[in-house]
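Quick look at final_15.txt (compact mmCIF, C-alpha atoms):
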```
# COMPACT_ATOMS: atom_id res chain seq x y z
CA MET A 52 121.53 96.06 109.03
CA ARG A 53 123.93 93.69 110.71
CA ARG A 54 127.20 92.92 109.08
CA GLY A 55 128.68 89.49 109.03
CA GLN A 56 132.29 88.44 109.02
CA LYS A 57 134.65 90.11 106.56
CA GLY A 58 132.11 92.86 105.95
CA ARG A 59 129.60 90.66 104.15
CA ASP A 60 125.89 90.79 104.84
CA SER A 61 124.64 87.79 106.77
CA TRP A 62 122.16 86.88 104.03
CA GLU A 63 124.96 86.66 101.47
CA ARG A 64 126.45 83.71 103.30
CA PRO A 65 124.90 80.26 102.89
CA ALA A 66 122.19 79.42 105.38
CA ARG A 67 123.39 77.44 108.37
CA ARG A 68 122.99 73.71 108.21
CA GLY A 69 119.45 72.86 109.24
CA GLY A 70 118.37 76.51 108.89
CA GLN A 71 116.42 78.22 106.16
CA ARG A 72 117.47 81.21 104.09
CA LYS A 73 115.22 84.25 104.30
CA ARG A 74 114.35 86.74 101.61
CA GLN A 75 115.39 90.27 102.55
CA VAL A 76 112.80 93.05 102.23
CA PHE A 77 113.88 96.67 102.66
CA VAL A 78 111.23 99.32 103.32
CA PHE A 79 111.46 103.10 103.09
CA THR A 80 108.68 104.86 105.00
CA GLU A 81 107.42 108.39 104.59
CA GLY A 82 106.51 108.68 108.26
CA LYS A 83 108.97 108.41 111.13
CA VAL A 84 106.44 107.08 113.65
CA THR A 85 103.19 105.66 112.30
CA GLU A 86 104.40 103.33 109.56
CA PRO A 87 107.46 102.05 111.49
CA SER A 88 105.33 101.28 114.55
CA TYR A 89 102.90 99.37 112.34
CA LEU A 90 105.70 97.43 110.63
CA ASP A 91 107.23 96.53 113.98
CA ILE A 92 103.95 94.89 115.01
CA LEU A 93 103.86 92.91 111.77
CA LYS A 94 107.45 91.81 112.29
CA ASP A 95 106.73 90.62 115.83
CA GLN A 96 103.21 89.20 115.50
CA GLY A 97 102.38 88.67 111.85
CA VAL A 98 101.38 85.15 110.82
CA PRO A 99 103.44 83.94 107.82
CA LEU A 100 101.74 82.52 104.76
CA ALA A 101 102.10 78.76 104.59
CA ASP A 102 104.64 77.28 102.15
CA GLU A 103 106.21 80.66 101.37
CA VAL A 104 109.81 81.74 101.76
CA PRO A 105 110.35 83.37 105.17
CA VAL A 106 111.03 87.09 105.08
CA GLU A 107 113.39 89.31 107.04
CA MET A 108 112.26 92.94 106.96
CA HIS A 109 114.41 96.04 107.43
CA ILE A 110 113.16 99.63 107.73
CA ALA A 111 115.85 101.20 105.60
CA ASN A 112 115.39 104.83 106.67
CA ARG A 113 114.26 104.41 110.28
CA ARG A 114 116.75 106.99 111.58
CA ALA A 115 116.62 109.43 108.68
CA ASP A 116 115.50 112.98 109.46
CA SER A 117 115.05 114.11 105.88
CA GLY A 118 114.43 112.78 102.38
CA ARG A 119 110.99 111.46 103.23
CA LYS A 120 108.92 112.90 100.40
CA PRO A 121 107.66 110.29 97.90
CA LEU A 122 110.07 111.07 95.08
CA ASP A 123 113.01 111.22 97.49
CA LEU A 124 112.04 107.83 98.92
CA VAL A 125 111.87 106.27 95.48
CA GLU A 126 115.30 107.61 94.51
CA GLN A 127 116.81 106.20 97.70
CA ALA A 128 115.07 102.89 97.11
CA ILE A 129 116.44 102.68 93.57
CA ARG A 130 120.00 103.17 94.81
CA LEU A 131 119.57 100.50 97.47
CA LYS A 132 117.99 98.08 95.02
CA ARG A 133 120.97 98.36 92.68
CA GLU A 134 123.30 97.57 95.56
CA GLU A 135 121.23 94.63 96.80
CA ASP A 136 120.80 93.26 93.27
CA ARG A 137 124.59 93.21 92.88
CA LYS A 138 124.95 91.30 96.14
CA ALA A 139 122.25 88.85 95.12
CA LYS A 140 123.97 88.24 91.80
CA ARG A 141 127.29 87.55 93.53
CA ALA A 142 125.57 85.19 95.94
CA LYS A 143 123.78 83.46 93.02
CA LEU A 144 120.47 83.56 94.85
CA GLU A 145 117.48 81.68 93.53
CA ALA A 146 114.63 83.85 92.28
CA LYS A 147 112.49 83.20 95.35
CA TYR A 148 115.22 84.62 97.60
CA LEU A 149 115.91 87.78 95.61
CA PRO A 150 115.67 90.89 97.81
CA GLN A 151 112.83 93.36 97.41
CA VAL A 152 112.80 97.10 98.05
CA TRP A 153 109.55 98.91 98.85
CA CYS A 154 108.32 102.39 99.70
CA LEU A 155 105.34 103.24 101.92
CA PHE A 156 104.02 106.70 101.23
CA ASP A 157 100.80 108.67 101.03
CA HIS A 158 99.28 111.27 98.76
CA ASP A 159 99.12 113.99 101.42
CA ASN A 160 98.86 116.54 98.62
CA TYR A 161 102.52 116.07 97.78
CA THR A 162 103.73 117.35 94.44
CA TYR A 163 104.93 114.70 91.99
CA VAL A 164 103.14 111.75 93.63
CA ARG A 165 102.26 110.35 90.22
CA ASP A 166 105.87 110.77 89.10
CA ALA A 167 107.05 108.88 92.18
CA LEU A 168 104.66 106.01 91.48
CA ASP A 169 105.68 105.84 87.82
CA ARG A 170 109.39 106.01 88.64
CA ALA A 171 109.06 103.23 91.20
CA GLU A 172 107.21 100.97 88.77
CA ARG A 173 109.83 101.42 86.06
CA ALA A 174 112.64 100.62 88.50
CA GLY A 175 111.02 97.55 90.04
CA ILE A 176 110.40 99.23 93.40
CA GLY A 177 107.25 98.17 95.22
CA VAL A 178 104.96 100.87 96.61
CA ALA A 179 102.27 100.63 99.26
CA PHE A 180 100.22 103.76 98.65
CA SER A 181 97.42 105.42 100.61
CA HIS A 182 95.23 108.40 99.73
CA PRO A 183 95.01 110.75 101.49
CA CYS A 184 97.18 109.10 104.18
CA PHE A 185 98.06 105.91 106.06
CA GLU A 186 95.21 106.56 108.52
CA VAL A 187 92.83 105.28 105.83
CA TRP A 188 94.39 101.84 106.26
CA ARG A 189 94.18 102.13 110.06
CA LEU A 190 90.53 103.10 109.76
CA ALA A 191 89.80 100.10 107.52
CA HIS A 192 90.57 97.85 110.51
CA TYR A 193 87.36 99.13 112.09
CA LYS A 194 84.80 100.10 109.47
CA PRO A 195 84.09 100.39 105.74
CA VAL A 196 85.33 103.62 104.22
CA SER A 197 83.37 105.41 101.51
CA GLY A 198 83.03 108.87 100.10
CA SER A 199 86.01 111.20 99.75
CA PHE A 200 88.27 112.90 102.26
CA ALA A 201 89.04 115.63 99.70
CA GLY A 202 92.72 114.92 100.15
CA VAL A 203 92.65 115.93 103.84
CA CYS A 204 94.21 113.43 106.21
CA ASP A 205 92.48 114.81 109.30
CA GLY A 206 89.17 113.56 107.95
CA ALA A 207 90.41 109.97 108.22
CA ALA A 208 92.35 110.43 111.46
CA ASP A 209 89.36 111.98 113.22
CA ARG A 210 87.28 108.88 112.50
CA LEU A 211 89.66 106.51 114.25
CA PRO A 212 87.69 105.15 117.23
CA PHE A 213 90.58 105.14 119.67
CA GLN A 214 91.15 108.86 119.24
CA ARG A 215 88.19 109.84 121.38
CA GLY A 216 88.68 110.02 125.13
CA SER A 217 91.13 107.12 125.30
CA GLN A 218 94.67 106.66 126.55
CA ASP A 219 95.68 106.03 122.94
CA ALA A 220 94.85 109.62 122.07
CA ARG A 221 98.01 110.71 123.89
CA THR A 222 100.12 109.15 121.12
CA PRO A 223 97.83 109.27 118.08
CA LYS A 224 100.59 108.66 115.54
CA VAL A 225 101.79 105.45 117.19
CA VAL A 226 100.13 102.22 116.04
CA LEU A 227 99.65 99.99 119.09
CA PRO A 228 99.15 96.22 118.91
CA HIS A 229 95.66 96.18 120.42
CA GLN A 230 94.48 98.64 117.74
CA ILE A 231 95.06 96.23 114.87
CA LEU A 232 95.64 92.66 116.08
CA GLY A 233 92.87 90.29 115.05
CA ARG A 234 91.53 92.79 112.52
CA TYR A 235 93.61 92.18 109.40
CA LYS A 236 91.03 90.25 107.38
CA THR A 237 88.44 92.94 108.16
CA ALA A 238 90.87 95.65 107.07
CA ARG A 239 91.68 93.89 103.82
CA LYS A 240 87.99 93.37 103.00
CA ASN A 241 87.16 97.00 103.76
CA ALA A 242 90.14 98.27 101.75
CA GLU A 243 89.24 96.18 98.71
CA ARG A 244 85.63 97.37 98.85
CA MET A 245 86.81 100.97 99.19
CA ASN A 246 89.23 100.69 96.28
CA ASN A 247 86.64 99.09 94.05
CA GLN A 248 84.32 102.09 94.33
CA HIS A 249 86.62 103.94 91.90
CA ALA A 250 86.38 103.56 88.14
CA ALA A 251 89.07 101.37 86.61
CA HIS A 252 90.40 104.16 84.41
CA VAL A 253 91.18 106.41 87.41
CA GLY A 254 94.84 106.23 88.42
CA LYS A 255 95.39 105.29 92.03
CA TRP A 256 97.07 108.67 92.66
CA ASP A 257 93.61 110.18 92.04
CA ARG A 258 91.60 107.65 94.04
CA ASP A 259 90.38 109.18 97.30
CA PRO A 260 90.10 107.21 99.52
CA TYR A 261 92.49 104.41 98.58
CA THR A 262 95.02 102.07 100.13
CA ASP A 263 96.85 98.95 99.00
CA VAL A 264 98.86 98.30 102.16
CA HIS A 265 97.25 94.86 102.37
CA ALA A 266 98.89 93.89 99.08
CA PHE A 267 102.27 94.84 100.54
CA VAL A 268 101.58 92.78 103.68
CA GLU A 269 100.92 89.65 101.66
CA LYS A 270 103.12 90.10 98.60
CA ALA A 271 106.24 91.52 100.23
CA LEU A 272 106.11 90.16 103.76
CA HIS A 273 104.26 86.90 103.09
CA ILE A 274 102.01 87.57 106.06
CA ASP A 275 98.53 86.08 106.08
CA SER A 276 97.10 87.68 109.20
CA TYR A 277 97.90 89.36 112.49
```

Could you render the structure as structure tokens?
Amino acid sequence: MRRGQKGRDSWERPARRGGQRKRQVFVFTEGKVTEPSYLDILKDQGVPLADEVPVEMHIANRRADSGRKPLDLVEQAIRLKREEDRKAKRAKLEAKYLPQVWCLFDHDNYTYVRDALDRAERAGIGVAFSHPCFEVWRLAHYKPVSGSFAGVCDGAADRLPFQRGSQDARTPKVVLPHQILGRYKTARKNAERMNNQHAAHVGKWDRDPYTDVHAFVEKALHIDSY
């Protein structure tokens, strides 16, 4: 994140005359490639929701080589949130400009996924969660998803249409603009239908398949479409 004069973050200083302050959103991602490449597309080509505070997004652990398991991400996010909350308090920010800290992680048969979700909720950390993996959200851009993947990510990844005999198959973990642009509303509809097939009493850590990335897109980033 850029530093302003005298070591202060640029968002701590008053917005320039005629400009508009942005709300800062910090995101910790489990993956080093897939989720960051997706977020970069949103940052460059997402369409902001009308009448909402503009958002400036930062991938907080883009260069990290470790600490990417769900519980590790949440602990890092909690530490950052405490720091950013102190800065916001000093800057006397209005509620609509208060920074948010989020984690994007999957089930992927990790141990303590439920603990990570519970810990994040108690600490005020947002989570965009997918089961079994982020590829479920990518797949929702193309088709409805039903049934179960039995916790195996390959089952979702193998159904991605651009994996078969295409140039995209050379970099399957990278989300490319043409794979998702113009498909957000379809993805959201398919994800909501998929999530609703599970009984209400089933915790989302046990819902397979499941994804709420669309809620993150709209709630955290104030993006309406892409």

Inset, instruction - Find the residues near Lys73 (chain A): any atom within 7 Å, counting only C-alpha atoms, skip ones fewer than 5 places away on the same chain, and give them as a list of chain:residue names. - result: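 The neighbour list is A:Val104, A:Pro105, A:Val106, A:Glu107, A:Tyr148.
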
Inset, instruction - Could you jot down the CA of Asp136 (chain A) to CA of His109 (chain A) separation for me, Å, one decimal place? - result: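 Computing the Euclidean distance for CA of Asp136 (chain A) and CA of His109 (chain A) yields 15.8 Å.
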
Build an axis-aligned box that encloses every atom of region 126-133 of chain A listed in the file, pad it by 4 Å on each side, and report its centre and edge lengths in Å to one decimal, as lines of an AutoDock Vina configuration file.
```
center_x = 118.0
center_y = 102.8
center_z = 95.2
size_x = 13.9
size_y = 17.5
size_z = 13.0
```

Legend entry - Proximity to Arg113 (chain A) - best of A:Glu134, A:Glu126, A:Asp275, A:Glu81, only C-alpha atoms: A:Glu81

Legend entry - Pick from A:Ser88, A:Asn246, A:Thr162, A:Ser276, whichever lies nearest to Leu122 (chain A) using all atoms listed in the file: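 Of A:Ser88, A:Asn246, A:Thr162, A:Ser276, the one nearest Leu122 (chain A), counting all atoms listed in the file, is A:Thr162.
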
At a cut-off of 12 Å, can you tabulate as JSON lines every residue of region 57-129 of chain A near region 211-230 of chain A together with its closest atom pair and the distance in Å to one decimal, using only C-alpha atoms and ordering rows by chain then number?
```
{"residue": "A:Gly82", "atom": "CA", "partner": "A:Lys224", "partner_atom": "CA", "distance": 9.4}
{"residue": "A:Lys83", "atom": "CA", "partner": "A:Lys224", "partner_atom": "CA", "distance": 9.5}
{"residue": "A:Val84", "atom": "CA", "partner": "A:Val225", "partner_atom": "CA", "distance": 6.1}
{"residue": "A:Thr85", "atom": "CA", "partner": "A:Val225", "partner_atom": "CA", "distance": 5.1}
{"residue": "A:Glu86", "atom": "CA", "partner": "A:Val226", "partner_atom": "CA", "distance": 7.8}
{"residue": "A:Pro87", "atom": "CA", "partner": "A:Val226", "partner_atom": "CA", "distance": 8.6}
{"residue": "A:Ser88", "atom": "CA", "partner": "A:Val226", "partner_atom": "CA", "distance": 5.5}
{"residue": "A:Tyr89", "atom": "CA", "partner": "A:Val226", "partner_atom": "CA", "distance": 5.4}
{"residue": "A:Leu90", "atom": "CA", "partner": "A:Val226", "partner_atom": "CA", "distance": 9.1}
{"residue": "A:Asp91", "atom": "CA", "partner": "A:Val226", "partner_atom": "CA", "distance": 9.3}
{"residue": "A:Ile92", "atom": "CA", "partner": "A:Pro228", "partner_atom": "CA", "distance": 6.3}
{"residue": "A:Leu93", "atom": "CA", "partner": "A:Pro228", "partner_atom": "CA", "distance": 9.2}
{"residue": "A:Lys94", "atom": "CA", "partner": "A:Pro228", "partner_atom": "CA", "distance": 11.5}
{"residue": "A:Asp95", "atom": "CA", "partner": "A:Pro228", "partner_atom": "CA", "distance": 9.9}
{"residue": "A:Gln96", "atom": "CA", "partner": "A:Pro228", "partner_atom": "CA", "distance": 8.8}
{"residue": "A:Gly97", "atom": "CA", "partner": "A:Pro228", "partner_atom": "CA", "distance": 10.8}
```

Legend entry - Best match for closeness to Ala139 (chain A) among A:Gln75, A:Ala191, A:Phe200, A:Ala101, counting only C-alpha atoms: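 When distances to Ala139 (chain A) are compared using only C-alpha atoms, the smallest one comes from A:Gln75.
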
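Of note, CA of Leu149 (chain A) and CA of Glu135 (chain A) are spaced 8.8 Å apart.
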
Please list as an mmCIF file with C-alpha atoms, in the frame of the given file every residue within 8 Å of Val264 (chain A), counting only C-alpha atoms and excluding residues in the same chain fewer than 6 positions away.
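Dumped to selection_18.cif:
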```cif
data_model
loop_
_atom_site.group_PDB
_atom_site.id
_atom_site.type_symbol
_atom_site.label_atom_id
_atom_site.label_comp_id
_atom_site.auth_asym_id
_atom_site.auth_seq_id
_atom_site.Cartn_x
_atom_site.Cartn_y
_atom_site.Cartn_z
ATOM 1 C CA ALA A 179 102.270 100.630 99.260
ATOM 2 C CA PHE A 180 100.220 103.760 98.650
ATOM 3 C CA SER A 181 97.420 105.420 100.610
ATOM 4 C CA TRP A 188 94.390 101.840 106.260
#
```

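Picture a line from CA of Gln127 (chain A) to CA of Phe185 (chain A); it runs 20.5 Å.
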
Inset, instruction - Identify, on the basis of all atoms listed in the file, every residue whose closest approach to Leu168 (chain A) does not exceed 10 Å; exclude the query and any residue fewer than 2 positions from it along the same chain; express the result as a list of chain:residue names. - result: A:Pro121, A:Leu122, A:Val125, A:Cys154, A:Phe156, A:Tyr163, A:Val164, A:Arg165, A:Asp166, A:Arg170, A:Ala171, A:Glu172, A:Arg173, A:Ile176, A:Gly177, A:Val178, A:Ala179, A:Phe180, A:Lys255, A:Trp256

Need to verify the contact set: Arg258 (chain A), 8 Å, all atoms listed in the file, exclusion of same-chain residues closer than 4 positions in sequence. Can you return it as a CSV table (one decimal) with C-alpha atoms, in the coordinates of the input?
```csv
chain,number,residue,atom,x,y,z
A,182,HIS,CA,95.2,108.4,99.7
A,246,ASN,CA,89.2,100.7,96.3
A,249,HIS,CA,86.6,103.9,91.9
A,253,VAL,CA,91.2,106.4,87.4
A,254,GLY,CA,94.8,106.2,88.4
```

Legend entry - For Arg72 (chain A), the nearest of the candidates A:Ala128, A:Leu232, A:Val187, A:Leu144, counting only C-alpha atoms: A:Leu144

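Using only C-alpha atoms for every distance, the candidate list A:Glu145, A:Asp209, A:Asp102, A:Phe79 yields A:Phe79 as the residue closest to Arg130 (chain A).
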